[in-house]
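Report on the following structure.
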Amino acid sequence: MSTPNTREEWSSRWGFIVVATGAAAGLGNIWKFPYIVGENGGGAFMLVYLAAILLVALPILAAELLLGRLGNLNVIDGLRRIAVARGYPAAWSRLGWIGLLSCFVVLSFYSVVGGWTLAYFVGALSGGLVVEGGAPGPLYFADLFDSIVSSPARSVAWHTAFIALTAVVVGSGVARGIERLCRWLMPLLFLLLLLLVVYAAATMPEFSAALRFLFAPDISKLSWEGALTAVGHAFFTLSVGVGAMLTFGSYLPTGVRLGAAAFTVAGLDTLVAILAGLAIFPIVFAYGMQPGSGPGLVFVTLPVAFAAMPGGPFVAALFFALLAVAAFTSAPSMLEPMVEYVRERSKGSRTQATLKVVLAVWLFGLAQALSFGDWASVTLLGKNLFELSDFLVSNILLPVGGLLIATFVGWALLPADTAGSLGIRQPLLHKAWLLSLRVVAPLALVLLLAGGLA
Ligand code: TRP
C-alpha cells in the first residue's frame with residue numbers, strides 16, 4: 001500500500017522508457033497520423049512532422065522530464081516548488097492547472113474513442129465485420145460506425161468499460177499498475193504492428209506505392225494549414241504540453257539521463273507512426289481507396305478492405321487489437337497527473353483519488369459520447385462537444401502549455417541548473433536544446449496558436 005506523500009518510482013530506466021513510449025504511441029499514431037498524412041499529401045507533411053518532433057516536441061519533452069525531476073511532486077505543487085525556490089512567483093503553478101484541464105478533456109474523449117476500438121476488436125473477433133449473406137459494401141461499415149458512435153447505449157457502455165479498465169491500472173500504482181501494464185502490452189503492440197507491416201509487404205504490390213507516398217515529398221501538396229497540423233500533431237503524439245510527461249518524469253529514479261531517455265521515447269514513437277503508415281497505406285492503395293478519407297479512415301474505410309481481402313477477419317482482429325492496445329497504454333498518462341494531484345492534496349489513498357477523478361472523467365465522457373448522437377445538435381462555433389474539445393486541446397491548451405513550459409525552462413531556469421539534471425554531455429547539444437526552448441519552439445507554437453484562432 002502506498003501511503004500519502006511517499007512517492008513511487010519506475011523500477012528502472014527501461015521501465016520508464018516502456019511507460020513513456022506507451023503514453024506517446026496511441027490513437028494519435030495509428031488512428032490520427034495516417035489520416036492527416038493522407039489529407040495533407042504524404043511525404044511533404046512527413047518532413048514537417050519529423051522536423052517538428054525533433055526541433056519542437058522533443059526539446060519540450062526533455063524540459064517536462066526535467067521539471068518533473070526538479071519538482072518531485074504532482075504537477076501543480078512541483079511547479080510551485082521549483083518557481084519559489086528560485087525566487088519566481090508561485091503563480092507559475094497555474095501552468096499545472098492548464099495541464100490538468102487538458103488531461104481531463106483529452107481523457108474524456110480518448111476514452112470514448114478507446115471504447116470504439118474495444119467495440120471493433122470484439123466485433124472483429126466475433127466476425128461482426130463481415131456482413132452476413134451479402135457482399136460487404138462501404139455502406140455496411142459506415143452504418144456500423146454510425147451505429148456505434150450514434151447509439152448512446154453502445155457508445156456509453158464501451159466508454160465505461162474503457163475508463164474502468166484504465167482506473168484499475170492507475171489505481172494499482174505507478175510501478176505495479178502502469179509500468180506492469182506497459183511491460184506486457186508494449187511488446188505486443190510492436191509485434192502486432194510488425195505482423196501487419198510484413199503482411200502488407202509480402203502480399204501487396206502497393207507496398208512500394210505506400211513507401212513512395214510517405215517518403216517522397218512533393219512540396220506542392222503541402223499547405224500552410226497542413227504544416228501547422230504537423231506541428232500540433234507532433235505535440236499530441238509525444239503527449240507533451242499538459243504535464244503528463246512531467247508527472248511521469250517525477251517518478252524517474254535518480255541517475256537516469258533525461259535527454260537520452262527523451263530521445264529514445266521520441267524515436268520509438270515516430271517508429272510506431274511510420275510503421276502504422278506502412279501497415280495501412282498499402283491496404284488503402286490496394287483497394288483503391290482515398291488516403292485522405294478523414295477520421296473514418298481506420299473505422300470505416302479500412303474495414304471495407306478487411307472484408308474483401310483474403311484472411312480479412314483475421315487481419316481485422318489483429319488491427320483492432322493493435323488499436324485497442326495503443327489506446328489502453330496511453331490512457332493512464334492522462335489519468336495519472338490528476339490522480340497524483342488529488343492523492344497528494346487530499347492525503348487519501350490512491351484508490352480513493354482514482355475513484356474521484358474517474359467519476360468526473362466518466363461523466364464528461366458521457367457528454368462526449370452523446371455529442372455524436374442525441375446531442376449532436378448542441379453546437380458552439382459550429383462544432384459539437386467532441387470537435388470543440390479536440391480543437392480546444394490541439395489548438396489552444398497544448399500550445400499554451402508548451403509555450404509556458406518552454407519559456408520557463410528556457411529563460412527562467414539557469415543553464416547550470418538544467419545541464420546537470422538533463423545529463424546531456426555535449427555542450428553543443430545543450431546549447432541547441434536551449435535555443436529550441438527559447439526561440440524555435442515558442443515561434444512554432446505562437447504560429448500554431450495564431451493559426452488556430454484565425
Ligand atoms: N500521445 C497519445 C497519442 O498519440 C495521446 C496522449 C496521451 C496525450 N497522453 C496525452 C495527448 C497527454 C495529449 C496529452 O495517442
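Ordered as shown in the C-alpha cells, chains take letters A, B, and onward, while each chain numbers its residues from 1 and ligands are numbered from 1 in the order shown.
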
message = At a cut-off of 6 Å and counting only C-alpha atoms and all ligand atoms, what residues surround ligand 1? Please answer as a count of residues only.
response = 18

request  = Using only C-alpha atoms, determine which residues lie at most 8 Å from range 54-66 of chain A, disregarding the query and same-chain residues fewer than 6 positions distant; provide the list as a count of residues only.
outcome  = 31

message = What's around Thr160 in chain A at 12 Å? Count only C-alpha atoms, leave out sequence neighbours fewer than 6 positions away in its own chain, and write the answer as a count of residues only.
response = 25

request  = Rank nothing, just name the residue among A:Gly22, A:Gly38, A:Ala85, A:Ser102 nearest to Gly401 in chain A, using only C-alpha atoms.
outcome  =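 The closest residue to Gly401 in chain A is A:Ser102.
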
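Take the candidates A:Met309, A:Pro217, A:Ala317, A:Ser150 and check each one against Tyr287 in chain A using only C-alpha atoms; the shortest distance goes to A:Met309.
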
inquiry  = If you run DSSP on the backbone here, which positions in range 199-340 of chain A get helix (DSSP H, G or I)? Please write them as a PyMOL selection string.
reply    = chain A and resi 199-203+207-215+219-221+224-237+244-249+258-286+294-308+312-340

query = Given the choices A:Val75, A:Leu50, A:Ile36, A:Ala175, which gets closest to Leu252 in chain A if the distance is worked out from only C-alpha atoms?
reply =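 Once distances to Leu252 in chain A are computed over only C-alpha atoms, the minimum belongs to A:Ala175.
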
inquiry  = Neighbouring residues of Ala360 in chain A were defined as those with any atom within 12 Å, considering only C-alpha atoms; residues of the same chain fewer than 6 positions away were excluded. Please report them as number ranges by chain.
reply    = A: 101, 104-105, 107-108, 163, 335, 338-339, 353-354, 366-367

ask   = Which neighbours of Ala44 in chain A fall inside 10 Å, counting only C-alpha atoms, when residues of the same chain fewer than 2 positions from it are skipped, and could you give them as number ranges by chain?
value = A: 37, 40-42, 46-49, 213-223, 226-227

task = Find the distance between CA of Ser349 in chain A and CA of Gly78 in chain A and write it in Å to one decimal.
result =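 Interatomic distance here is 19.5 Å.
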
task = Name all residues at most 12 Å from Asp417 in chain A (count only C-alpha atoms; drop same-chain ones fewer than 6 positions away) and give them as a list in words.
result =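 The filter keeps Ala63, Leu66, Leu67, Arg69, Leu70, Ile82, Arg86, Val409, Gly410, Trp411, Gly423 and His430 of chain A.
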
request  = For CA of Leu188 in chain A and CA of Leu322 in chain A, determine how far apart the two atoms are, in Å to one decimal place.
outcome  =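 Between these atoms lies a distance of 8.2 Å.
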
remark   = Atom pair CA of Thr264 in chain A + CA of Val174 in chain A, distance 20.6 Å

7 Å contact set for range 290-299 of chain A, only C-alpha atoms, chain neighbours under 5 positions out, as an NGL selection string = :A and (31-32 or 35 or 38-39 or 145 or 284)
